[in-house]
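All remarks here apply to the structure that follows.
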Amino acid sequence: MLIVDADKCIGCGICEDTCAFGAITVEDGLAIVGDTCTLCGSCVDNCEVEALHIEGGEKTVQVDLAAWSGIWIFAESRHGVLAPVALELLGIGRKLADQRGVPLTGVLFGDNVATQCSMLVASGADKVLLADHPALGQYREDVYGRVLEGLIKEYKPEVVLAGATAIGRSVIPQVATVLGAGLTADCTGLDIREEDGMLLQTRPAFGGNIMATIECPHSRPQMATVRPNVMAPAAPDDNRSGEVVSLELDDELLASRVEVLETVVNNDEQVNIQEVEVLVAGGRGVESEKGFELIQELASELNGAVAASRAAVDAGWVNYPHQVGQTGKTVSPKLYFACGISGAIQHAVGMQSAETVVAINRDEKAPIFDIATYGLVGDLFEIVPLLIKKIEEQRRA
Ligand SMILES: Cc1cc2nc3c(=O)[nH]c(=O)nc-3n(C[C@H](O)[C@H](O)[C@H](O)COP(=O)(O)OP(=O)(O)OC[C@H]3O[C@@H](n4cnc5c(N)ncnc54)[C@H](O)[C@@H]3O)c2cc1C
């Protein structure tokens with residue numbers, strides 16, 4: 001809770017001007033805190049007369065920060081297959097480990113997954129901590145959380161990275177909370193500050209309008225989840241060598257309150273839009289579910305898949321797994337068609353790393369044209385059928 005010391009407050013208004021959330025007003029020479037306060041602490045830092053403090057928000061410093069060393073990546077394996085984001089984490093993890101001059105460790109959980117260790121080593125890991133057990137074959141949050149927490153307490157890595165996937169987003173916050181560690185979710189950039197070795201964690205903030213760089217100076221490990229498809233995957237080198245440590249796990253550690261009765265794969269997710277080379281995306285301009293049949297037709301002609309803006313998903317024309325953007329997926333296909341999509345920042349952050357972007361929009365001022373490699377100004381219901389016709393003609397020629 002933000003407390004104002006009425007004896008010290010001089011009503012200068014600096015806190016009111018500093019608050020990004022409009023939570024403070026100065027009335028009759030005294031700062032008044034409203035409901036929108038997020039306890040970000042910005043006003044506390046800026047108050048020149050030290051009239052503000054956050055009750056219970058005193059910073060606790062772990063005394064032994066230097067005892068934590070090494071970079072870890074959580075190598076997610078689903079149904080026995082290494083998730084592509086694991087290789088992306090190894091790519092950035094290798095860079096961070098080299099900057100820090102410490103080893104890079106891959107942490108691999110699963111059942112019968114030992115064969116994946118060589119891939120992790122080839123892709124940059126110096127060491128693999130392998131927890132291979134039938135109880136880890138299916139993701140169960142309580143078991144994964146307990147095992148990971150125990151390993152972190154034992155080995156004390158300074159940095160732990162995981163994919164911002166359904167599994168990473170579920171287990172990592174749980175472990176960070178138990179350890180009292182700082183965690184930045186959904187990072188799009190990671191770096192090491194040379195002077196003090198701090199992990200700099202960058203992610204979109206305030207609805208994607210600014211990029212915030214976050215650091216965790218008072219606790220270890222520094223934990224971050226990283227969006228799939230943002231970092232470049234490591235290029236495997238079969239000549240690399242590394243150590244594999246097979247872990248012995250107590251039955252007690254593996255006991256779970258969760259029983260997985262059945263795993264049902266959502267048909268819609270069978271085409272993972274993060275893994276295809278051509279995406280044809282539709283937005284509000286597509287107007288209806290029927291309109292998306294045209295988008296699907298173009299996608300099929302190009303052996304691609306359908307993607308969508310949030311407006312199209314919210315309207316119920318397309319299912320959520322197809323959504324691209326800040327609250328959807330980040331994609332980096334070779335070719336991205338944006339049909340009837342305005343190009344709002346929250347959409348753009350999910351697709352701007354596409355190699356070639358073709359935008360079709362009837363508004364020549366639409367922001368999507370700022371990102372597009374090729375822009376077609378006009379009605380998508382006229383242009384898309386023409387494109388399909390042209391592709392078919394080319395194919396027949
Ligand atoms: C916290 C937050 C998170 C968000 N996350 C996401 C996200 O993950 N993904 C996302 O996409 N959005 C997200 N949004 C929403 C985002 O701000 C936009 O509202 C959304 O992207 C707009 O979708 P759109 O471009 O399809 O619709 P609009 O902005 O309405 O644009 C429709 C476009 O279609 C064009 N058009 C209309 N008819 C035709 C036609 N016949 N032919 C050609 N062009 C036509 C129009 O000129 C217009 O440019 C988020 C917003 C917030 C606040």
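In the structure tokens, chains take letters A, B, ... by order of appearance, with residues numbered from 1 within each chain and ligands from 1 in the order shown.
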Per residue of chain A within 8 Å of ligand 1, record the nearest atom pair and its distance in Å to one decimal, counting only C-alpha atoms and all ligand atoms, with rows in chain order and ascending residue number, as JSON lines.
{"residue": "A:Phe206", "atom": "CA", "partner": "ligand 1", "partner_atom_place_in_ligand_line": "1 (C)", "distance": 7.7}
{"residue": "A:Gly207", "atom": "CA", "partner": "ligand 1", "partner_atom_place_in_ligand_line": "1 (C)", "distance": 4.5}
{"residue": "A:Gly208", "atom": "CA", "partner": "ligand 1", "partner_atom_place_in_ligand_line": "1 (C)", "distance": 7.3}
{"residue": "A:Gly282", "atom": "CA", "partner": "ligand 1", "partner_atom_place_in_ligand_line": "26 (O)", "distance": 6.7}
{"residue": "A:Gly283", "atom": "CA", "partner": "ligand 1", "partner_atom_place_in_ligand_line": "26 (O)", "distance": 3.1}
{"residue": "A:Arg284", "atom": "CA", "partner": "ligand 1", "partner_atom_place_in_ligand_line": "26 (O)", "distance": 3.9}
{"residue": "A:Gly285", "atom": "CA", "partner": "ligand 1", "partner_atom_place_in_ligand_line": "37 (C)", "distance": 3.4}
{"residue": "A:Val286", "atom": "CA", "partner": "ligand 1", "partner_atom_place_in_ligand_line": "38 (N)", "distance": 6.4}
{"residue": "A:Glu287", "atom": "CA", "partner": "ligand 1", "partner_atom_place_in_ligand_line": "38 (N)", "distance": 7.2}
{"residue": "A:Ala308", "atom": "CA", "partner": "ligand 1", "partner_atom_place_in_ligand_line": "11 (O)", "distance": 6.8}
{"residue": "A:Ser309", "atom": "CA", "partner": "ligand 1", "partner_atom_place_in_ligand_line": "11 (O)", "distance": 3.3}
{"residue": "A:Arg310", "atom": "CA", "partner": "ligand 1", "partner_atom_place_in_ligand_line": "11 (O)", "distance": 3.9}
{"residue": "A:Ala311", "atom": "CA", "partner": "ligand 1", "partner_atom_place_in_ligand_line": "23 (O)", "distance": 4.3}
{"residue": "A:Ala312", "atom": "CA", "partner": "ligand 1", "partner_atom_place_in_ligand_line": "26 (O)", "distance": 5.8}
{"residue": "A:Gln323", "atom": "CA", "partner": "ligand 1", "partner_atom_place_in_ligand_line": "9 (N)", "distance": 6.1}
{"residue": "A:Val324", "atom": "CA", "partner": "ligand 1", "partner_atom_place_in_ligand_line": "9 (N)", "distance": 5.1}
{"residue": "A:Gly325", "atom": "CA", "partner": "ligand 1", "partner_atom_place_in_ligand_line": "8 (O)", "distance": 3.3}
{"residue": "A:Gln326", "atom": "CA", "partner": "ligand 1", "partner_atom_place_in_ligand_line": "8 (O)", "distance": 3.8}
{"residue": "A:Thr327", "atom": "CA", "partner": "ligand 1", "partner_atom_place_in_ligand_line": "8 (O)", "distance": 3.6}
{"residue": "A:Gly328", "atom": "CA", "partner": "ligand 1", "partner_atom_place_in_ligand_line": "8 (O)", "distance": 4.2}
{"residue": "A:Lys329", "atom": "CA", "partner": "ligand 1", "partner_atom_place_in_ligand_line": "8 (O)", "distance": 7.0}
{"residue": "A:Cys339", "atom": "CA", "partner": "ligand 1", "partner_atom_place_in_ligand_line": "43 (C)", "distance": 6.3}
{"residue": "A:Gly340", "atom": "CA", "partner": "ligand 1", "partner_atom_place_in_ligand_line": "34 (O)", "distance": 3.4}
{"residue": "A:Ile341", "atom": "CA", "partner": "ligand 1", "partner_atom_place_in_ligand_line": "25 (O)", "distance": 3.5}
{"residue": "A:Ser342", "atom": "CA", "partner": "ligand 1", "partner_atom_place_in_ligand_line": "49 (O)", "distance": 3.4}
{"residue": "A:Gly343", "atom": "CA", "partner": "ligand 1", "partner_atom_place_in_ligand_line": "25 (O)", "distance": 5.4}
{"residue": "A:Ala344", "atom": "CA", "partner": "ligand 1", "partner_atom_place_in_ligand_line": "21 (O)", "distance": 5.0}
{"residue": "A:Ile345", "atom": "CA", "partner": "ligand 1", "partner_atom_place_in_ligand_line": "17 (O)", "distance": 6.6}
{"residue": "A:Gln346", "atom": "CA", "partner": "ligand 1", "partner_atom_place_in_ligand_line": "6 (C)", "distance": 4.6}
{"residue": "A:His347", "atom": "CA", "partner": "ligand 1", "partner_atom_place_in_ligand_line": "11 (O)", "distance": 3.9}
{"residue": "A:Ala348", "atom": "CA", "partner": "ligand 1", "partner_atom_place_in_ligand_line": "11 (O)", "distance": 7.6}
{"residue": "A:Gly350", "atom": "CA", "partner": "ligand 1", "partner_atom_place_in_ligand_line": "8 (O)", "distance": 7.1}
{"residue": "A:Ile360", "atom": "CA", "partner": "ligand 1", "partner_atom_place_in_ligand_line": "43 (C)", "distance": 5.7}
{"residue": "A:Asn361", "atom": "CA", "partner": "ligand 1", "partner_atom_place_in_ligand_line": "44 (N)", "distance": 3.5}
{"residue": "A:Arg362", "atom": "CA", "partner": "ligand 1", "partner_atom_place_in_ligand_line": "44 (N)", "distance": 4.2}
{"residue": "A:Asp363", "atom": "CA", "partner": "ligand 1", "partner_atom_place_in_ligand_line": "47 (O)", "distance": 4.4}
{"residue": "A:Glu364", "atom": "CA", "partner": "ligand 1", "partner_atom_place_in_ligand_line": "47 (O)", "distance": 7.9}
{"residue": "A:Ala366", "atom": "CA", "partner": "ligand 1", "partner_atom_place_in_ligand_line": "49 (O)", "distance": 5.2}
{"residue": "A:Pro367", "atom": "CA", "partner": "ligand 1", "partner_atom_place_in_ligand_line": "49 (O)", "distance": 7.8}
{"residue": "A:Ile368", "atom": "CA", "partner": "ligand 1", "partner_atom_place_in_ligand_line": "49 (O)", "distance": 7.8}
{"residue": "A:Val377", "atom": "CA", "partner": "ligand 1", "partner_atom_place_in_ligand_line": "43 (C)", "distance": 7.4}
{"residue": "A:Gly378", "atom": "CA", "partner": "ligand 1", "partner_atom_place_in_ligand_line": "43 (C)", "distance": 5.7}
{"residue": "A:Asp379", "atom": "CA", "partner": "ligand 1", "partner_atom_place_in_ligand_line": "42 (N)", "distance": 3.6}
{"residue": "A:Leu380", "atom": "CA", "partner": "ligand 1", "partner_atom_place_in_ligand_line": "42 (N)", "distance": 3.8}
{"residue": "A:Phe381", "atom": "CA", "partner": "ligand 1", "partner_atom_place_in_ligand_line": "41 (N)", "distance": 5.8}
Can I get the selected residues back with C-alpha atoms, as a PDB file, in the first residue's frame?
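Writing the result to again-v7.pdb gives the following:
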ATOM      1  CA  PHE A 206       1.717  -0.354 -21.961  1.00  0.00           C
ATOM      2  CA  GLY A 207      -0.175  -2.188 -24.685  1.00  0.00           C
ATOM      3  CA  GLY A 208       2.942  -2.611 -26.805  1.00  0.00           C
ATOM      4  CA  GLY A 282      -7.320 -11.596 -42.367  1.00  0.00           C
ATOM      5  CA  GLY A 283      -8.650  -8.821 -40.179  1.00  0.00           C
ATOM      6  CA  ARG A 284     -11.874  -6.944 -39.550  1.00  0.00           C
ATOM      7  CA  GLY A 285     -11.891  -5.969 -43.221  1.00  0.00           C
ATOM      8  CA  VAL A 286     -12.685  -9.600 -44.128  1.00  0.00           C
ATOM      9  CA  GLU A 287     -16.118  -8.921 -42.623  1.00  0.00           C
ATOM     10  CA  ALA A 308      -5.876 -13.440 -38.152  1.00  0.00           C
ATOM     11  CA  SER A 309      -5.943 -10.201 -36.234  1.00  0.00           C
ATOM     12  CA  ARG A 310      -7.529 -10.083 -32.826  1.00  0.00           C
ATOM     13  CA  ALA A 311     -10.527  -8.220 -34.250  1.00  0.00           C
ATOM     14  CA  ALA A 312     -11.297 -11.210 -36.499  1.00  0.00           C
ATOM     15  CA  GLN A 323      -4.287 -14.954 -33.767  1.00  0.00           C
ATOM     16  CA  VAL A 324      -1.096 -13.052 -34.444  1.00  0.00           C
ATOM     17  CA  GLY A 325       0.122 -10.320 -32.146  1.00  0.00           C
ATOM     18  CA  GLN A 326       0.821  -9.272 -28.625  1.00  0.00           C
ATOM     19  CA  THR A 327      -1.850 -11.492 -27.089  1.00  0.00           C
ATOM     20  CA  GLY A 328      -1.615 -14.054 -29.866  1.00  0.00           C
ATOM     21  CA  LYS A 329       1.371 -15.711 -31.498  1.00  0.00           C
ATOM     22  CA  CYS A 339      -5.703  -8.631 -45.787  1.00  0.00           C
ATOM     23  CA  GLY A 340      -8.024  -6.020 -44.289  1.00  0.00           C
ATOM     24  CA  ILE A 341      -5.721  -5.514 -41.299  1.00  0.00           C
ATOM     25  CA  SER A 342      -4.952  -1.958 -40.203  1.00  0.00           C
ATOM     26  CA  GLY A 343      -1.542  -2.795 -38.688  1.00  0.00           C
ATOM     27  CA  ALA A 344      -2.101  -1.730 -35.067  1.00  0.00           C
ATOM     28  CA  ILE A 345       1.073  -1.976 -32.968  1.00  0.00           C
ATOM     29  CA  GLN A 346      -0.329  -4.957 -31.043  1.00  0.00           C
ATOM     30  CA  HIS A 347      -0.694  -6.844 -34.339  1.00  0.00           C
ATOM     31  CA  ALA A 348       2.581  -5.596 -35.801  1.00  0.00           C
ATOM     32  CA  GLY A 350       3.592 -10.388 -33.793  1.00  0.00           C
ATOM     33  CA  ILE A 360      -3.990  -5.387 -48.968  1.00  0.00           C
ATOM     34  CA  ASN A 361      -6.040  -2.525 -47.589  1.00  0.00           C
ATOM     35  CA  ARG A 362      -8.445  -0.027 -49.087  1.00  0.00           C
ATOM     36  CA  ASP A 363      -7.143   2.764 -46.818  1.00  0.00           C
ATOM     37  CA  GLU A 364      -3.850   4.007 -48.251  1.00  0.00           C
ATOM     38  CA  ALA A 366      -3.333   2.301 -42.924  1.00  0.00           C
ATOM     39  CA  PRO A 367      -0.209   1.763 -40.727  1.00  0.00           C
ATOM     40  CA  ILE A 368       0.244  -1.734 -42.173  1.00  0.00           C
ATOM     41  CA  VAL A 377      -4.426  -0.334 -52.056  1.00  0.00           C
ATOM     42  CA  GLY A 378      -7.910  -1.572 -52.852  1.00  0.00           C
ATOM     43  CA  ASP A 379     -10.783  -3.846 -51.931  1.00  0.00           C
ATOM     44  CA  LEU A 380      -9.545  -7.236 -50.754  1.00  0.00           C
ATOM     45  CA  PHE A 381     -12.669  -8.883 -52.193  1.00  0.00           C
TER      46      PHE A 381
END
I'd like the neighbourhood of segment 227-235 of chain A as number ranges by chain, where a residue qualifies if any of its atoms comes within 9 Å (using only C-alpha atoms), though same-chain residues fewer than 2 positions away should be ignored. A: 84-92, 94, 122-124, 162-165, 185-189, 225, 237, 274-275, 329-332, 353
Report as a list of chain:residue names all protein, DNA and RNA residues lying within 9 Å of Gly70 of chain A, evaluated on only C-alpha atoms, omitting residues in the same chain fewer than 4 positions from it.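 After dropping sequence-adjacent residues, the list is A:Ala97, A:Arg100, A:Gly101, A:Val102, A:Pro103, A:Leu104, A:Thr105, A:Tyr155, A:Lys156, A:Pro157, A:Glu158, A:Val159, A:Val160.
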Please, which residues of segment 302-397 of chain A, numbered as in this document, come out helix (DSSP H, G or I) from DSSP, as an MDAnalysis selection string? chainID A and resid 310:314 320:322 345:348 368:371 380:396
Per DSSP on the backbone, filter segment 147-333 of chain A down to the residues in strand (DSSP E or B) and report them as an MDAnalysis selection string. chainID A and resid 159:163 183:187 189:192 199:205 210:214 222:226 243:246 278:282 305:308 323:324 329
Would you pick out the contacts of segment 135-139 of chain A at 9 Å or less, using only C-alpha atoms, so that residues sharing its chain but fewer than 3 positions from it are not included, and give the list as a VMD selection string? chain A and resid 78 to 80 109 to 113 131 to 132 143 to 144 167 254 to 256 260 263
Could you dump the residues just selected with C-alpha atoms as an mmCIF file, in the first residue's frame?
data_model
loop_
_atom_site.group_PDB
_atom_site.id
_atom_site.type_symbol
_atom_site.label_atom_id
_atom_site.label_comp_id
_atom_site.auth_asym_id
_atom_site.auth_seq_id
_atom_site.Cartn_x
_atom_site.Cartn_y
_atom_site.Cartn_z
ATOM 1 C CA ARG A 78 6.143 -32.063 -25.477
ATOM 2 C CA HIS A 79 4.945 -35.622 -26.028
ATOM 3 C CA GLY A 80 8.569 -36.634 -26.428
ATOM 4 C CA PHE A 109 12.247 -33.189 -18.312
ATOM 5 C CA GLY A 110 10.290 -36.052 -19.874
ATOM 6 C CA ASP A 111 9.880 -39.776 -20.315
ATOM 7 C CA ASN A 112 12.375 -41.469 -22.612
ATOM 8 C CA VAL A 113 13.882 -38.212 -23.752
ATOM 9 C CA ALA A 131 15.193 -35.748 -15.491
ATOM 10 C CA ASP A 132 13.964 -38.790 -17.409
ATOM 11 C CA VAL A 143 5.675 -32.149 -10.308
ATOM 12 C CA TYR A 144 7.562 -30.046 -12.868
ATOM 13 C CA ILE A 167 3.964 -24.891 -20.155
ATOM 14 C CA LEU A 254 7.238 -37.065 -8.320
ATOM 15 C CA ALA A 255 3.942 -37.559 -6.500
ATOM 16 C CA SER A 256 1.184 -35.465 -8.026
ATOM 17 C CA VAL A 260 -3.900 -36.903 -16.704
ATOM 18 C CA THR A 263 -4.591 -35.839 -24.008
#
For segment 211-215 of chain A, list every protein, DNA or RNA residue within 9 Å, evaluated using only C-alpha atoms, and leave out those in the same chain fewer than 4 positions away; present the list as a list in words. Gly182, Thr184, Gly189, Leu190, Met198, Leu199, Leu200, Gln201, Thr202, Arg203, Pro204, Ala205, Phe206 and Gln222 of chain A
Please produce an output containing N, CA and C atoms for each residue in the selection, written as a compact mmCIF listing (two decimals), in the first residue's frame.
# COMPACT_ATOMS: atom_id res chain seq x y z
N GLY A 182 12.88 -12.74 -9.13
CA GLY A 182 12.25 -11.84 -10.08
C GLY A 182 12.00 -12.56 -11.39
N THR A 184 10.50 -11.88 -15.51
CA THR A 184 9.93 -11.04 -16.55
C THR A 184 9.30 -11.97 -17.59
N GLY A 189 13.67 -9.47 -25.93
CA GLY A 189 15.11 -9.20 -26.04
C GLY A 189 15.79 -9.46 -24.71
N LEU A 190 17.01 -10.02 -24.76
CA LEU A 190 17.78 -10.29 -23.54
C LEU A 190 19.23 -9.90 -23.79
N MET A 198 24.44 -7.85 -15.03
CA MET A 198 22.98 -7.95 -14.83
C MET A 198 22.28 -8.38 -16.12
N LEU A 199 21.25 -9.22 -15.98
CA LEU A 199 20.45 -9.61 -17.13
C LEU A 199 19.45 -8.49 -17.44
N LEU A 200 19.50 -7.99 -18.66
CA LEU A 200 18.57 -6.94 -19.07
C LEU A 200 17.46 -7.59 -19.89
N GLN A 201 16.24 -7.48 -19.40
CA GLN A 201 15.12 -8.21 -19.98
C GLN A 201 14.14 -7.23 -20.61
N THR A 202 14.02 -7.31 -21.93
CA THR A 202 13.19 -6.33 -22.64
C THR A 202 11.89 -6.97 -23.10
N ARG A 203 10.81 -6.25 -22.90
CA ARG A 203 9.49 -6.74 -23.33
C ARG A 203 8.57 -5.56 -23.64
N PRO A 204 7.53 -5.78 -24.46
CA PRO A 204 6.60 -4.67 -24.73
C PRO A 204 5.81 -4.34 -23.46
N ALA A 205 5.54 -3.05 -23.25
CA ALA A 205 4.74 -2.64 -22.10
C ALA A 205 3.72 -1.62 -22.54
N PHE A 206 2.79 -1.31 -21.68
CA PHE A 206 1.72 -0.35 -21.96
C PHE A 206 1.07 -0.63 -23.33
N GLN A 222 17.69 -14.79 -11.92
CA GLN A 222 16.92 -13.85 -12.74
C GLN A 222 16.16 -14.72 -13.73
Selected residue of minimal separation from Glu141 of chain A among A:Val81, A:Met119, A:Met351, A:Ala166, counting only C-alpha atoms: A:Ala166
Taking 3 positions as the minimum chain separation for residues in the same chain, which residues sit within 6 Å of segment 289-303 of chain A when counting only C-alpha atoms? Answer as a list in words. Val280, Val286, Val306, Trp317 and Ile388 of chain A
Same residues, N, CA and C atoms, output as a PDB file, in the first residue's frame:
ATOM      1  N   VAL A 280      -1.532 -16.348 -44.641  1.00  0.00           N
ATOM      2  CA  VAL A 280      -2.459 -15.358 -45.197  1.00  0.00           C
ATOM      3  C   VAL A 280      -3.361 -14.949 -44.043  1.00  0.00           C
ATOM      4  N   VAL A 286     -12.200  -8.378 -43.457  1.00  0.00           N
ATOM      5  CA  VAL A 286     -12.685  -9.600 -44.128  1.00  0.00           C
ATOM      6  C   VAL A 286     -14.189  -9.779 -43.873  1.00  0.00           C
ATOM      7  N   VAL A 306      -3.884 -20.062 -42.514  1.00  0.00           N
ATOM      8  CA  VAL A 306      -4.640 -18.848 -42.225  1.00  0.00           C
ATOM      9  C   VAL A 306      -4.226 -18.273 -40.875  1.00  0.00           C
ATOM     10  N   TRP A 317     -14.829 -15.205 -36.178  1.00  0.00           N
ATOM     11  CA  TRP A 317     -14.691 -15.716 -37.557  1.00  0.00           C
ATOM     12  C   TRP A 317     -13.585 -16.747 -37.647  1.00  0.00           C
ATOM     13  N   ILE A 388      -5.562 -15.108 -56.666  1.00  0.00           N
ATOM     14  CA  ILE A 388      -5.773 -16.561 -56.768  1.00  0.00           C
ATOM     15  C   ILE A 388      -5.778 -16.976 -58.250  1.00  0.00           C
TER      16      ILE A 388
END
What separation in Å, quoted to one decimal, exists between atom CA of Ala305 of chain A and atom CA of Leu335 of chain A?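 These two atoms are separated by 10.8 Å.
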Of A:Val358, A:Met223, A:Val278, A:Val245, the one nearest to Phe337 of chain A when counting only C-alpha atoms is A:Val358
